[in-house]
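Colleague: So I've got this file, work_11.csv, and it contains CSV, C-alpha atoms and all ligand atoms:
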```csv
chain,number,residue,atom,x,y,z
A,1,MET,CA,-12.1,17.0,-8.6
A,2,GLU,CA,-14.5,19.5,-7.0
A,3,GLU,CA,-14.1,20.3,-3.3
A,4,THR,CA,-17.5,19.0,-2.4
A,5,GLN,CA,-17.1,15.7,-4.1
A,6,LYS,CA,-16.3,12.7,-2.0
A,7,ILE,CA,-13.1,10.7,-2.8
A,8,LYS,CA,-14.0,7.6,-4.9
A,9,LEU,CA,-12.3,4.8,-3.2
A,10,GLY,CA,-11.9,1.6,-5.2
A,11,ILE,CA,-11.5,-1.8,-3.5
A,12,SER,CA,-10.2,-4.9,-5.1
A,13,ILE,CA,-11.7,-7.8,-3.2
A,14,GLY,CA,-8.7,-10.1,-2.9
A,15,ASP,CA,-9.0,-13.8,-2.2
A,16,ILE,CA,-12.7,-14.6,-1.5
A,17,ASN,CA,-11.6,-17.6,0.6
A,18,GLY,CA,-9.7,-15.3,3.0
A,19,ILE,CA,-10.7,-12.4,5.3
A,20,GLY,CA,-10.4,-9.6,2.7
A,21,CYS,CA,-14.1,-9.3,1.9
A,22,GLU,CA,-14.9,-9.6,5.6
A,23,VAL,CA,-12.7,-6.7,6.7
A,24,ALA,CA,-13.8,-4.5,3.8
A,25,LEU,CA,-17.5,-5.1,4.6
A,26,LYS,CA,-17.0,-4.6,8.4
A,27,THR,CA,-15.3,-1.3,7.6
A,28,PHE,CA,-18.3,0.0,5.8
A,29,GLU,CA,-20.8,-1.6,8.1
A,30,ASP,CA,-20.0,1.6,10.1
A,31,ALA,CA,-22.1,4.0,8.1
A,32,ARG,CA,-20.0,7.0,9.3
A,33,MET,CA,-17.3,5.8,6.9
A,34,LEU,CA,-19.5,6.9,4.0
A,35,ASP,CA,-19.0,10.5,5.1
A,36,PHE,CA,-15.3,10.2,4.1
A,37,CYS,CA,-15.5,8.5,0.7
A,38,THR,CA,-17.6,6.7,-1.8
A,39,PRO,CA,-16.6,3.0,-1.7
A,40,ILE,CA,-16.6,1.0,-4.9
A,41,LEU,CA,-15.9,-2.7,-4.6
A,42,PHE,CA,-14.8,-4.7,-7.7
A,43,ALA,CA,-16.5,-8.1,-7.3
A,44,SER,CA,-20.1,-9.1,-7.9
A,45,ASN,CA,-23.4,-8.7,-6.2
A,46,LYS,CA,-23.7,-12.4,-5.6
A,47,THR,CA,-20.2,-12.7,-4.1
A,48,ILE,CA,-20.9,-9.8,-1.7
A,49,SER,CA,-24.4,-11.1,-0.8
A,50,GLN,CA,-23.0,-14.6,0.0
A,51,GLN,CA,-20.2,-13.2,2.2
A,52,LYS,CA,-22.5,-10.8,4.0
A,53,ASN,CA,-24.9,-13.6,4.8
A,54,ASP,CA,-22.2,-16.0,5.9
A,55,LEU,CA,-20.7,-13.5,8.2
A,56,GLY,CA,-23.9,-11.8,9.4
A,57,ILE,CA,-22.7,-8.3,8.3
A,58,ASP,CA,-25.5,-5.8,8.1
A,59,ILE,CA,-25.0,-3.7,5.0
A,60,THR,CA,-27.0,-2.8,1.9
A,61,PHE,CA,-25.3,-2.1,-1.4
A,62,ASN,CA,-25.8,-0.6,-4.8
A,63,GLY,CA,-24.9,-2.8,-7.8
A,64,VAL,CA,-23.4,-0.9,-10.8
A,65,ARG,CA,-22.1,-1.7,-14.3
A,66,ASP,CA,-19.0,0.4,-13.9
A,67,ALA,CA,-17.4,2.8,-11.4
A,68,SER,CA,-18.6,5.9,-13.2
A,69,GLN,CA,-22.2,5.0,-12.0
A,70,ALA,CA,-21.3,4.8,-8.3
A,71,LEU,CA,-23.5,6.8,-5.9
A,72,GLU,CA,-22.3,8.8,-3.0
A,73,GLY,CA,-23.6,7.6,0.4
A,74,LYS,CA,-23.8,4.0,-0.9
A,75,ILE,CA,-21.6,1.0,-0.9
A,76,ASN,CA,-21.2,0.4,-4.6
A,77,ILE,CA,-20.4,-3.0,-6.2
A,78,VAL,CA,-19.1,-3.2,-9.8
A,79,ASN,CA,-20.1,-6.5,-11.2
A,80,VAL,CA,-16.8,-7.7,-12.6
A,81,TRP,CA,-18.2,-11.3,-12.9
A,82,LYS,CA,-21.9,-12.5,-12.8
A,83,GLU,CA,-21.8,-16.1,-11.6
A,84,ALA,CA,-22.0,-17.0,-7.9
A,85,PRO,CA,-18.4,-18.3,-7.0
A,86,HIS,CA,-17.6,-21.3,-4.9
A,87,ILE,CA,-16.5,-19.8,-1.7
A,88,GLU,CA,-14.4,-22.3,0.3
A,89,TYR,CA,-13.2,-20.3,3.4
A,90,GLY,CA,-9.7,-21.2,4.3
A,91,GLN,CA,-8.8,-23.0,1.1
A,92,ALA,CA,-6.4,-21.9,-1.6
A,93,THR,CA,-8.3,-22.5,-4.8
A,94,LYS,CA,-7.6,-21.7,-8.4
A,95,GLU,CA,-11.0,-20.0,-8.8
A,96,ALA,CA,-10.3,-17.7,-5.9
A,97,GLY,CA,-6.9,-16.8,-7.3
A,98,ALA,CA,-8.4,-16.1,-10.7
A,99,LEU,CA,-11.2,-13.9,-9.3
A,100,ALA,CA,-8.8,-12.0,-7.1
A,101,ILE,CA,-6.8,-11.0,-10.3
A,102,GLN,CA,-10.0,-10.2,-12.3
A,103,SER,CA,-11.0,-7.8,-9.5
A,104,LEU,CA,-7.6,-6.3,-9.3
A,105,LYS,CA,-7.3,-5.8,-13.0
A,106,ALA,CA,-10.7,-4.1,-13.2
A,107,ALA,CA,-9.9,-1.8,-10.3
A,108,VAL,CA,-6.5,-0.8,-11.8
A,109,ARG,CA,-8.2,-0.1,-15.1
A,110,ALA,CA,-10.7,2.2,-13.3
A,111,LEU,CA,-7.8,3.8,-11.4
A,112,LYS,CA,-5.9,4.5,-14.6
A,113,ASP,CA,-9.1,5.9,-16.3
A,114,GLY,CA,-9.8,8.2,-13.4
A,115,GLU,CA,-13.1,6.5,-12.5
A,116,ILE,CA,-11.7,6.0,-9.0
A,117,ASP,CA,-9.3,8.3,-7.1
A,118,VAL,CA,-7.5,5.8,-4.9
A,119,LEU,CA,-7.2,2.0,-4.6
A,120,VAL,CA,-7.3,-0.1,-1.5
A,121,THR,CA,-6.5,-3.7,-2.1
A,122,ALA,CA,-7.7,-6.6,0.0
A,123,PRO,CA,-5.2,-9.4,0.5
A,124,ILE,CA,-4.4,-12.0,-2.2
A,125,ASN,CA,-2.6,-15.3,-1.9
A,126,LYS,CA,0.7,-14.9,-3.8
A,127,ASN,CA,0.6,-18.6,-4.9
A,128,ASN,CA,-2.9,-19.1,-6.4
A,129,ILE,CA,-2.8,-15.8,-8.3
A,130,GLN,CA,0.0,-17.0,-10.5
A,131,ALA,CA,-1.1,-17.5,-14.1
A,132,ASP,CA,0.2,-17.1,-17.7
A,133,ASP,CA,-0.9,-13.5,-17.7
A,134,PHE,CA,-0.1,-12.7,-14.1
A,135,LYS,CA,3.4,-13.4,-12.9
A,136,PHE,CA,4.0,-11.0,-10.0
A,137,PRO,CA,4.9,-11.6,-6.3
A,138,GLY,CA,2.3,-9.1,-5.2
A,139,HIS,CA,0.4,-5.9,-5.9
A,140,THR,CA,3.4,-3.6,-5.6
A,141,ASP,CA,5.2,-5.0,-8.6
A,142,TYR,CA,2.0,-5.3,-10.7
A,143,LEU,CA,1.1,-1.7,-10.0
A,144,ALA,CA,4.6,-0.5,-10.8
A,145,GLN,CA,4.3,-2.1,-14.2
A,146,GLU,CA,0.8,-0.9,-14.9
A,147,LEU,CA,1.5,2.7,-13.7
A,148,LYS,CA,4.9,2.7,-15.4
A,149,GLY,CA,6.8,3.9,-12.3
A,150,GLU,CA,9.3,2.8,-9.7
A,151,SER,CA,7.7,1.8,-6.4
A,152,LEU,CA,8.7,1.6,-2.8
A,153,MET,CA,6.9,-0.8,-0.3
A,154,PHE,CA,6.3,1.7,2.5
A,155,MET,CA,4.6,0.5,5.7
A,156,VAL,CA,3.0,3.3,7.6
A,157,ALA,CA,1.3,3.7,11.0
A,158,ASP,CA,1.0,6.5,13.5
A,159,GLY,CA,4.5,7.8,14.0
A,160,LEU,CA,6.2,4.9,12.4
A,161,ARG,CA,7.2,4.5,8.7
A,162,VAL,CA,9.3,1.7,7.4
A,163,GLY,CA,10.2,1.3,3.7
A,164,LEU,CA,12.0,-1.6,2.1
A,165,LEU,CA,15.1,-1.6,-0.1
A,166,THR,CA,14.3,-5.1,-1.3
A,167,ASP,CA,10.8,-6.6,-0.8
A,168,HIS,CA,9.5,-9.9,-2.3
A,169,ILE,CA,12.8,-11.6,-3.1
A,170,ALA,CA,14.4,-14.7,-1.5
A,171,VAL,CA,16.8,-14.0,1.3
A,172,LYS,CA,19.7,-15.7,-0.6
A,173,ASP,CA,19.3,-12.9,-3.3
A,174,VAL,CA,19.2,-9.9,-0.9
A,175,ALA,CA,22.9,-9.0,-0.7
A,176,GLN,CA,23.5,-8.9,-4.4
A,177,ALA,CA,20.3,-7.0,-5.1
A,178,ILE,CA,21.5,-4.1,-2.9
A,179,THR,CA,23.4,-1.8,-5.2
A,180,ALA,CA,24.3,1.9,-5.0
A,181,LYS,CA,21.7,2.6,-7.7
A,182,LEU,CA,18.9,0.8,-5.9
A,183,ILE,CA,19.7,2.7,-2.7
A,184,ARG,CA,19.7,6.1,-4.5
A,185,ASN,CA,16.3,5.2,-6.1
A,186,LYS,CA,14.6,4.0,-3.0
A,187,VAL,CA,15.9,6.9,-0.9
A,188,ALA,CA,14.7,9.4,-3.6
A,189,ILE,CA,11.2,7.8,-3.7
A,190,MET,CA,11.0,7.8,0.1
A,191,GLU,CA,12.1,11.4,0.4
A,192,LYS,CA,9.7,12.6,-2.2
A,193,SER,CA,6.8,10.6,-0.7
A,194,LEU,CA,7.5,12.0,2.8
A,195,GLN,CA,7.3,15.5,1.3
A,196,MET,CA,4.4,15.1,-1.1
A,197,ASP,CA,2.3,12.4,0.6
A,198,PHE,CA,3.0,13.0,4.3
A,199,GLY,CA,3.7,16.8,4.3
A,200,ILE,CA,7.2,16.6,5.8
A,201,ARG,CA,9.3,19.3,4.2
A,202,ARG,CA,12.9,18.2,5.2
A,203,PRO,CA,12.5,14.5,6.1
A,204,LYS,CA,15.1,12.6,8.0
A,205,ILE,CA,15.7,9.0,6.9
A,206,ALA,CA,17.6,6.2,8.6
A,207,LEU,CA,19.1,3.2,6.7
A,208,LEU,CA,19.5,-0.1,8.5
A,209,GLY,CA,22.6,-2.2,7.9
A,210,ILE,CA,22.5,-5.4,5.9
A,211,ASN,CA,24.8,-7.6,8.1
A,212,PRO,CA,24.8,-8.2,11.8
A,213,HIS,CA,26.1,-5.1,13.6
A,214,SER,CA,26.4,-3.4,10.1
A,215,GLY,CA,29.3,-5.8,9.4
A,216,ASP,CA,31.5,-4.5,12.4
A,217,ASN,CA,33.9,-2.8,10.1
A,218,GLY,CA,34.0,-5.6,7.6
A,219,THR,CA,34.4,-8.4,10.1
A,220,ILE,CA,30.9,-9.9,9.3
A,221,GLY,CA,30.4,-9.0,5.6
A,222,GLU,CA,31.6,-6.1,3.5
A,223,GLU,CA,28.4,-4.8,2.0
A,224,ASP,CA,27.7,-2.2,4.7
A,225,ASP,CA,31.2,-0.6,4.3
A,226,LYS,CA,31.5,-1.0,0.6
A,227,ILE,CA,28.0,-0.2,-0.6
A,228,LEU,CA,25.8,1.5,2.0
A,229,LYS,CA,28.3,3.9,3.7
A,230,PRO,CA,29.6,5.6,0.5
A,231,VAL,CA,26.1,6.1,-0.9
A,232,ILE,CA,24.7,7.5,2.4
A,233,GLN,CA,27.7,9.9,2.4
A,234,GLU,CA,27.1,10.8,-1.2
A,235,LEU,CA,23.4,11.5,-0.7
A,236,PHE,CA,24.0,13.4,2.5
A,237,ASN,CA,26.6,15.6,0.8
A,238,LYS,CA,24.0,16.4,-1.8
A,239,GLY,CA,21.5,17.6,0.8
A,240,THR,CA,19.4,14.5,1.6
A,241,LEU,CA,19.1,14.0,5.4
A,242,VAL,CA,19.9,10.3,5.3
A,243,TYR,CA,21.8,8.6,8.1
A,244,GLY,CA,23.3,5.1,8.9
A,245,PRO,CA,23.8,2.3,8.4
A,246,TYR,CA,22.4,1.5,11.8
A,247,SER,CA,22.6,-2.0,13.4
A,248,ALA,CA,19.2,-3.4,12.8
A,249,ASP,CA,18.9,-5.6,15.9
A,250,SER,CA,18.7,-2.8,18.5
A,251,PHE,CA,17.4,0.0,16.4
A,252,PHE,CA,13.7,-0.2,17.3
A,253,GLY,CA,14.2,-1.6,20.8
A,254,SER,CA,16.2,1.5,21.7
A,255,ASN,CA,13.6,3.8,20.1
A,256,THR,CA,16.2,5.2,17.8
A,257,HIS,CA,13.5,5.1,15.0
A,258,GLN,CA,11.7,8.0,16.8
A,259,ASN,CA,14.5,10.3,15.8
A,260,PHE,CA,13.6,9.9,12.1
A,261,ASP,CA,10.6,10.4,9.8
A,262,ALA,CA,11.2,7.1,8.2
A,263,VAL,CA,13.4,4.0,8.2
A,264,LEU,CA,14.7,2.1,5.1
A,265,ALA,CA,15.2,-1.5,5.9
A,266,ALA,CA,17.4,-3.8,3.8
A,267,TYR,CA,14.9,-6.6,3.4
A,268,HIS,CA,11.3,-7.7,4.0
A,269,ASP,CA,11.4,-9.3,7.4
A,270,GLN,CA,14.1,-6.9,8.8
A,271,GLY,CA,11.5,-4.1,8.3
A,272,LEU,CA,8.2,-5.8,8.7
A,273,ILE,CA,8.8,-7.7,11.9
A,274,PRO,CA,9.4,-4.5,14.0
A,275,PHE,CA,6.8,-2.6,12.0
A,276,LYS,CA,4.0,-5.2,12.6
A,277,THR,CA,5.0,-5.7,16.2
A,278,LEU,CA,5.0,-2.0,17.0
A,279,SER,CA,1.9,-1.0,15.0
A,280,PHE,CA,-0.4,-3.4,16.8
A,281,GLY,CA,-2.6,-4.4,13.9
A,282,LYS,CA,-3.1,-0.8,12.7
A,283,GLY,CA,-0.4,-0.7,10.1
A,284,VAL,CA,-0.9,0.1,6.4
A,285,ASN,CA,1.0,-1.0,3.4
A,286,TYR,CA,1.4,2.0,1.0
A,287,THR,CA,2.9,1.8,-2.4
A,288,ALA,CA,4.9,5.0,-2.7
A,289,GLY,CA,6.5,6.4,-5.9
A,290,LEU,CA,3.6,5.9,-8.3
A,291,ALA,CA,1.3,8.4,-9.9
A,292,LYS,CA,-1.7,6.9,-8.2
A,293,VAL,CA,-2.4,6.1,-4.5
A,294,ARG,CA,-2.7,2.5,-3.4
A,295,THR,CA,-2.9,1.2,0.2
A,296,SER,CA,-3.7,-2.1,1.8
A,297,PRO,CA,-4.0,-3.6,5.2
A,298,ASP,CA,-0.7,-4.9,6.5
A,299,HIS,CA,-2.0,-8.5,6.9
A,300,GLY,CA,-2.7,-11.4,4.5
A,301,THR,CA,-5.5,-13.8,3.8
A,302,ALA,CA,-5.5,-15.3,7.3
A,303,TYR,CA,-7.2,-18.5,6.0
A,304,GLU,CA,-7.3,-20.1,9.5
A,305,ILE,CA,-9.9,-17.5,10.7
A,306,ALA,CA,-11.7,-16.9,7.3
A,307,GLY,CA,-15.5,-17.3,7.3
A,308,LYS,CA,-15.7,-17.3,11.1
A,309,GLY,CA,-16.4,-13.6,11.6
A,310,GLN,CA,-13.2,-13.2,13.8
A,311,ALA,CA,-11.2,-10.9,11.5
A,312,ASP,CA,-10.3,-7.5,12.9
A,313,GLU,CA,-10.9,-4.7,10.4
A,314,SER,CA,-8.7,-2.1,12.1
A,315,SER,CA,-5.9,-2.3,9.6
A,316,PHE,CA,-8.3,-2.2,6.6
A,317,LYS,CA,-10.0,0.9,8.1
A,318,GLU,CA,-6.6,2.5,8.5
A,319,ALA,CA,-5.8,1.7,4.9
A,320,VAL,CA,-8.9,3.6,3.8
A,321,PHE,CA,-8.0,6.6,6.0
A,322,THR,CA,-4.4,6.6,4.8
A,323,ALA,CA,-5.4,6.5,1.1
A,324,ILE,CA,-7.8,9.4,1.6
A,325,GLN,CA,-5.2,11.4,3.5
A,326,VAL,CA,-2.4,10.8,1.0
A,327,PHE,CA,-4.7,11.7,-1.8
A,328,ARG,CA,-5.6,15.0,-0.1
A,329,ASN,CA,-1.9,15.7,0.8
A,330,ARG,CA,-0.9,15.2,-2.8
A,331,MET,CA,-3.5,17.6,-4.1
A,332,GLU,CA,-2.4,20.2,-1.6
A,333,TYR,CA,1.3,19.7,-2.5
A,334,MET,CA,0.5,20.0,-6.3
A,335,GLU,CA,-1.4,23.2,-5.6
A,336,LEU,CA,1.4,24.7,-3.5
A,337,THR,CA,4.1,23.8,-5.9
A,338,LYS,CA,2.3,24.9,-9.0
A,339,ASN,CA,4.4,27.4,-11.1
A,340,PRO,CA,2.7,30.7,-10.4
A,341,LEU,CA,4.1,32.3,-13.6
A,342,GLN,CA,2.4,29.5,-15.6
A,343,LYS,CA,-0.9,30.3,-13.8
A,344,GLN,CA,-0.6,33.9,-14.7
A,345,LYS,CA,0.1,33.1,-18.4
A,346,VAL,CA,-3.1,31.0,-18.7
A,347,LYS,CA,-5.2,33.8,-17.1
A,348,ARG,CA,-3.9,36.4,-19.5
A,349,GLY,CA,-4.3,34.2,-22.6
A,350,GLY,CA,-7.9,33.3,-21.5
B,401,LIG,N1,-1.4,-7.4,0.7
B,401,LIG,C1,-1.5,-8.7,0.5
B,401,LIG,O1,-2.1,-9.1,-0.5
B,401,LIG,C2,-0.8,-9.6,1.4
B,401,LIG,C3,-0.9,-11.0,1.2
B,401,LIG,N2,-0.4,-11.9,2.0
B,401,LIG,C4,-0.6,-13.3,1.7
B,401,LIG,O2,-1.5,-13.8,2.7
B,401,LIG,C5,-1.2,-15.2,2.9
B,401,LIG,C6,-1.1,-15.6,4.4
B,401,LIG,O3,0.1,-14.9,4.9
B,401,LIG,P1,0.6,-15.0,6.4
B,401,LIG,O4,2.0,-14.7,6.4
B,401,LIG,O5,0.0,-16.2,7.0
B,401,LIG,O6,0.0,-13.7,7.1
B,401,LIG,P2,-1.5,-13.3,7.6
B,401,LIG,O7,-1.5,-11.8,7.9
B,401,LIG,O8,-2.5,-13.8,6.7
B,401,LIG,O9,-1.7,-14.1,9.0
B,401,LIG,C7,-0.7,-14.0,10.0
B,401,LIG,C8,-1.5,-14.2,11.4
B,401,LIG,O10,-2.2,-13.0,11.7
B,401,LIG,C9,-3.6,-13.4,11.9
B,401,LIG,N3,-4.4,-12.3,11.2
B,401,LIG,C10,-4.1,-11.6,10.1
B,401,LIG,N4,-4.9,-10.7,9.8
B,401,LIG,C11,-5.8,-10.7,10.8
B,401,LIG,C12,-7.0,-9.8,11.1
B,401,LIG,N5,-7.4,-8.9,10.3
B,401,LIG,N6,-7.7,-10.1,12.3
B,401,LIG,C13,-7.2,-11.1,13.1
B,401,LIG,N7,-6.2,-11.9,12.9
B,401,LIG,C14,-5.5,-11.7,11.8
B,401,LIG,C15,-3.8,-14.7,11.1
B,401,LIG,O11,-4.9,-15.4,11.6
B,401,LIG,C16,-2.5,-15.3,11.4
B,401,LIG,O12,-2.5,-15.9,12.7
B,401,LIG,C17,0.1,-15.5,2.1
B,401,LIG,O13,-0.3,-16.1,0.8
B,401,LIG,C18,0.7,-14.1,1.8
B,401,LIG,O14,1.4,-14.1,0.7
B,401,LIG,C19,0.3,-11.5,3.2
B,401,LIG,C20,0.5,-10.2,3.4
B,401,LIG,C21,-0.1,-9.1,2.6
B,402,LIG,N1,4.4,-8.2,3.1
B,402,LIG,C1,3.7,-7.3,2.3
B,402,LIG,C2,2.9,-8.1,1.3
B,402,LIG,O1,3.0,-9.3,1.2
B,402,LIG,C3,2.0,-7.3,0.4
B,402,LIG,O2,2.7,-7.2,-0.8
B,402,LIG,P1,2.0,-6.4,-2.0
B,402,LIG,O3,0.8,-7.3,-2.5
B,402,LIG,O4,1.5,-5.1,-1.5
B,402,LIG,O5,3.0,-6.3,-3.0
```
Would you put the structure from the file into structure tokens?

Modeller:
Amino acid sequence: MEETQKIKLGISIGDINGIGCEVALKTFEDARMLDFCTPILFASNKTISQQKNDLGIDITFNGVRDASQALEGKINIVNVWKEAPHIEYGQATKEAGALAIQSLKAAVRALKDGEIDVLVTAPINKNNIQADDFKFPGHTDYLAQELKGESLMFMVADGLRVGLLTDHIAVKDVAQAITAKLIRNKVAIMEKSLQMDFGIRRPKIALLGINPHSGDNGTIGEEDDKILKPVIQELFNKGTLVYGPYSADSFFGSNTHQNFDAVLAAYHDQGLIPFKTLSFGKGVNYTAGLAKVRTSPDHGTAYEIAGKGQADESSFKEAVFTAIQVFRNRMEYMELTKNPLQKQKVKRGG
């Protein structure tokens, strides 16, 4: 990619009955956003026209056949489908679920083919997207499969980063899913991401305990003593700056998180409740560990306010900025860590 080119930022449109389209369009209603990237929405002209009219959003856009035709300085729409869909704000419909997946699949294809540099996903409804050819609890797992990598759900905001050991699984399955191997993998992804994506050379990571008070020496569950503590020690001995397990209940309230570059929570709500509470609607969901960059706002479809023009686009805007920043950080990291001997060899041979 040439220095002067703007980053091509693909957007999957999510559930058209939710607030995803609204927050994406409101983000680019601010024309200054086009100075940072070239947005490419995967949806259809008719869908975007309908939403923009319903919500009174003042934008013009450029319809294209595929992402390679996108123009800088414009909001580009790839026509993934032609027909005008039935938009039923606030309703979970089969049609909206199917279109959300069509949009996501087209955007991921473009990401894999290099037609877009980064992907920002608008929220989907995890229930109506389920189909014979799509059986995933969310974007994170789908992307891990498509990009053939191991992922980490990594929630990031100004000065606060929270990753998850386990994400979209039922609470009853959490304890047995947490194994030494899983912890090693997730810590490794988090450490690498902090270095490569966030420019932190020697990151410090805190692990939260699974049980109340991290089990209180085995009085309230044995997992913290038997699984977490030995792996933390093992990783620390090998040079990773990982600490814990910390009692989760008081960790954020006592500001202990400020001593670390990132926190690894044992399960979804243990991490996301403090994250969403502290990040005040400006949090971003980043999928770490993959060869491509994907972010999303930290919220869902918010059906109850859909179509009313009340949705706050701050988190979506932050998702755009984070995707751009991570992409740039990665390019810089690659450049800095390139083998200089190899570079010399190519020069001589040429
Ligand atoms: N990345 C994704 O695709 C995500 C999808 N979801 C899905 O969204 C659906 C609804 O999930 P909920 O747990 O209800 O969370 P939600 O984030 O949709 O809503 C929670 C509360 O926050 C409000 N809210 C959310 N975003 C807002 C915004 N931008 N501006 C103003 N108010 C906002 C809602 O009105 C509601 O009161 C579920 O199907 C869930 O699976 C949830 C989170 C992320
Ligand atoms: N709680 C985060 C969430 O639901 C988003 O999941 P994903 O679609 O990013 O996998």

Colleague: As a PDB file with C-alpha atoms, in the coordinates of the input, please: the residues near region 186-192 of chain A (cut-off 10 Å, only C-alpha atoms, same-chain neighbours under 5 positions excluded).

Modeller:
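Listing of out_5.pdb after writing:
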```pdb
ATOM      1  CA  GLU A 150       9.300   2.800  -9.700  1.00  0.00           C
ATOM      2  CA  SER A 151       7.700   1.800  -6.400  1.00  0.00           C
ATOM      3  CA  LEU A 152       8.700   1.600  -2.800  1.00  0.00           C
ATOM      4  CA  MET A 153       6.900  -0.800  -0.300  1.00  0.00           C
ATOM      5  CA  PHE A 154       6.300   1.700   2.500  1.00  0.00           C
ATOM      6  CA  ARG A 161       7.200   4.500   8.700  1.00  0.00           C
ATOM      7  CA  VAL A 162       9.300   1.700   7.400  1.00  0.00           C
ATOM      8  CA  GLY A 163      10.200   1.300   3.700  1.00  0.00           C
ATOM      9  CA  LEU A 164      12.000  -1.600   2.100  1.00  0.00           C
ATOM     10  CA  LEU A 165      15.100  -1.600  -0.100  1.00  0.00           C
ATOM     11  CA  THR A 166      14.300  -5.100  -1.300  1.00  0.00           C
ATOM     12  CA  LYS A 181      21.700   2.600  -7.700  1.00  0.00           C
ATOM     13  CA  ASP A 197       2.300  12.400   0.600  1.00  0.00           C
ATOM     14  CA  PHE A 198       3.000  13.000   4.300  1.00  0.00           C
ATOM     15  CA  GLY A 199       3.700  16.800   4.300  1.00  0.00           C
ATOM     16  CA  ILE A 200       7.200  16.600   5.800  1.00  0.00           C
ATOM     17  CA  ARG A 201       9.300  19.300   4.200  1.00  0.00           C
ATOM     18  CA  ARG A 202      12.900  18.200   5.200  1.00  0.00           C
ATOM     19  CA  PRO A 203      12.500  14.500   6.100  1.00  0.00           C
ATOM     20  CA  LYS A 204      15.100  12.600   8.000  1.00  0.00           C
ATOM     21  CA  ILE A 205      15.700   9.000   6.900  1.00  0.00           C
ATOM     22  CA  ALA A 206      17.600   6.200   8.600  1.00  0.00           C
ATOM     23  CA  LEU A 207      19.100   3.200   6.700  1.00  0.00           C
ATOM     24  CA  ILE A 232      24.700   7.500   2.400  1.00  0.00           C
ATOM     25  CA  LEU A 235      23.400  11.500  -0.700  1.00  0.00           C
ATOM     26  CA  THR A 240      19.400  14.500   1.600  1.00  0.00           C
ATOM     27  CA  LEU A 241      19.100  14.000   5.400  1.00  0.00           C
ATOM     28  CA  VAL A 242      19.900  10.300   5.300  1.00  0.00           C
ATOM     29  CA  ASP A 261      10.600  10.400   9.800  1.00  0.00           C
ATOM     30  CA  ALA A 262      11.200   7.100   8.200  1.00  0.00           C
ATOM     31  CA  VAL A 263      13.400   4.000   8.200  1.00  0.00           C
ATOM     32  CA  LEU A 264      14.700   2.100   5.100  1.00  0.00           C
ATOM     33  CA  ALA A 288       4.900   5.000  -2.700  1.00  0.00           C
ATOM     34  CA  GLY A 289       6.500   6.400  -5.900  1.00  0.00           C
ATOM     35  CA  LEU A 290       3.600   5.900  -8.300  1.00  0.00           C
TER      36      LEU A 290
END
```

Colleague: Write out as a PDB file with C-alpha atoms, keeping the file's coordinate frame the residues lying within 6 Å of region 118-129 of chain A, counting only C-alpha atoms and excluding same-chain residues fewer than 2 positions away.

Modeller:
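Dumped to out06.pdb:
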```pdb
ATOM      1  CA  LEU A   9     -12.300   4.800  -3.200  1.00  0.00           C
ATOM      2  CA  GLY A  10     -11.900   1.600  -5.200  1.00  0.00           C
ATOM      3  CA  ILE A  11     -11.500  -1.800  -3.500  1.00  0.00           C
ATOM      4  CA  SER A  12     -10.200  -4.900  -5.100  1.00  0.00           C
ATOM      5  CA  ILE A  13     -11.700  -7.800  -3.200  1.00  0.00           C
ATOM      6  CA  GLY A  14      -8.700 -10.100  -2.900  1.00  0.00           C
ATOM      7  CA  ASP A  15      -9.000 -13.800  -2.200  1.00  0.00           C
ATOM      8  CA  GLY A  20     -10.400  -9.600   2.700  1.00  0.00           C
ATOM      9  CA  LYS A  94      -7.600 -21.700  -8.400  1.00  0.00           C
ATOM     10  CA  GLY A  97      -6.900 -16.800  -7.300  1.00  0.00           C
ATOM     11  CA  ILE A 116     -11.700   6.000  -9.000  1.00  0.00           C
ATOM     12  CA  PRO A 137       4.900 -11.600  -6.300  1.00  0.00           C
ATOM     13  CA  VAL A 293      -2.400   6.100  -4.500  1.00  0.00           C
ATOM     14  CA  ARG A 294      -2.700   2.500  -3.400  1.00  0.00           C
ATOM     15  CA  THR A 295      -2.900   1.200   0.200  1.00  0.00           C
ATOM     16  CA  SER A 296      -3.700  -2.100   1.800  1.00  0.00           C
ATOM     17  CA  GLY A 300      -2.700 -11.400   4.500  1.00  0.00           C
ATOM     18  CA  THR A 301      -5.500 -13.800   3.800  1.00  0.00           C
TER      19      THR A 301
END
```

Colleague: By how many Å are atom O3 of ligand LIG 402 (chain B) and CA of Tyr142 (chain A) apart?

Modeller: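 According to the coordinates, atom O3 of ligand LIG 402 (chain B) and CA of Tyr142 (chain A) are separated by 8.5 Å.
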
Colleague: Check the smallest atom-to-atom distance from each of A:Glu318, A:Glu335, A:Glu234, A:Asp158 to Gln258 (chain A) using only C-alpha atoms, then report the winner.

Modeller: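 Closest residue, counting only C-alpha atoms: A:Asp158.
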
Colleague: Looking at only C-alpha atoms, which of A:Ala92, A:Met334, A:Val174, A:Ala84 is the one that sits closest to Gly18 (chain A)?

Modeller: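 That would be A:Ala92, the residue with the smallest distance to Gly18 (chain A).
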
Colleague: Please give me, as a ChimeraX atom specification, the residues lying within 6 Å of ligand LIG 402 (chain B) when counting all atoms listed in the file.

Modeller: /A:138-140

Colleague: Can those selected residues be exported to a file as a compact mmCIF listing (two decimals), in the coordinates of the input so that it contains C-alpha atoms?

Modeller:
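So selection29.txt came out as:
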```
# COMPACT_ATOMS: atom_id res chain seq x y z
CA GLY A 138 2.30 -9.10 -5.20
CA HIS A 139 0.40 -5.90 -5.90
CA THR A 140 3.40 -3.60 -5.60
```

Colleague: Lys105 (chain A): which residues within 10 Å, counting only C-alpha atoms, same-chain residues fewer than 5 positions away excluded, as an NGL selection string?

Modeller: :A and (12 or 42 or 80 or 99-100 or 110-111 or 142-143 or 146)
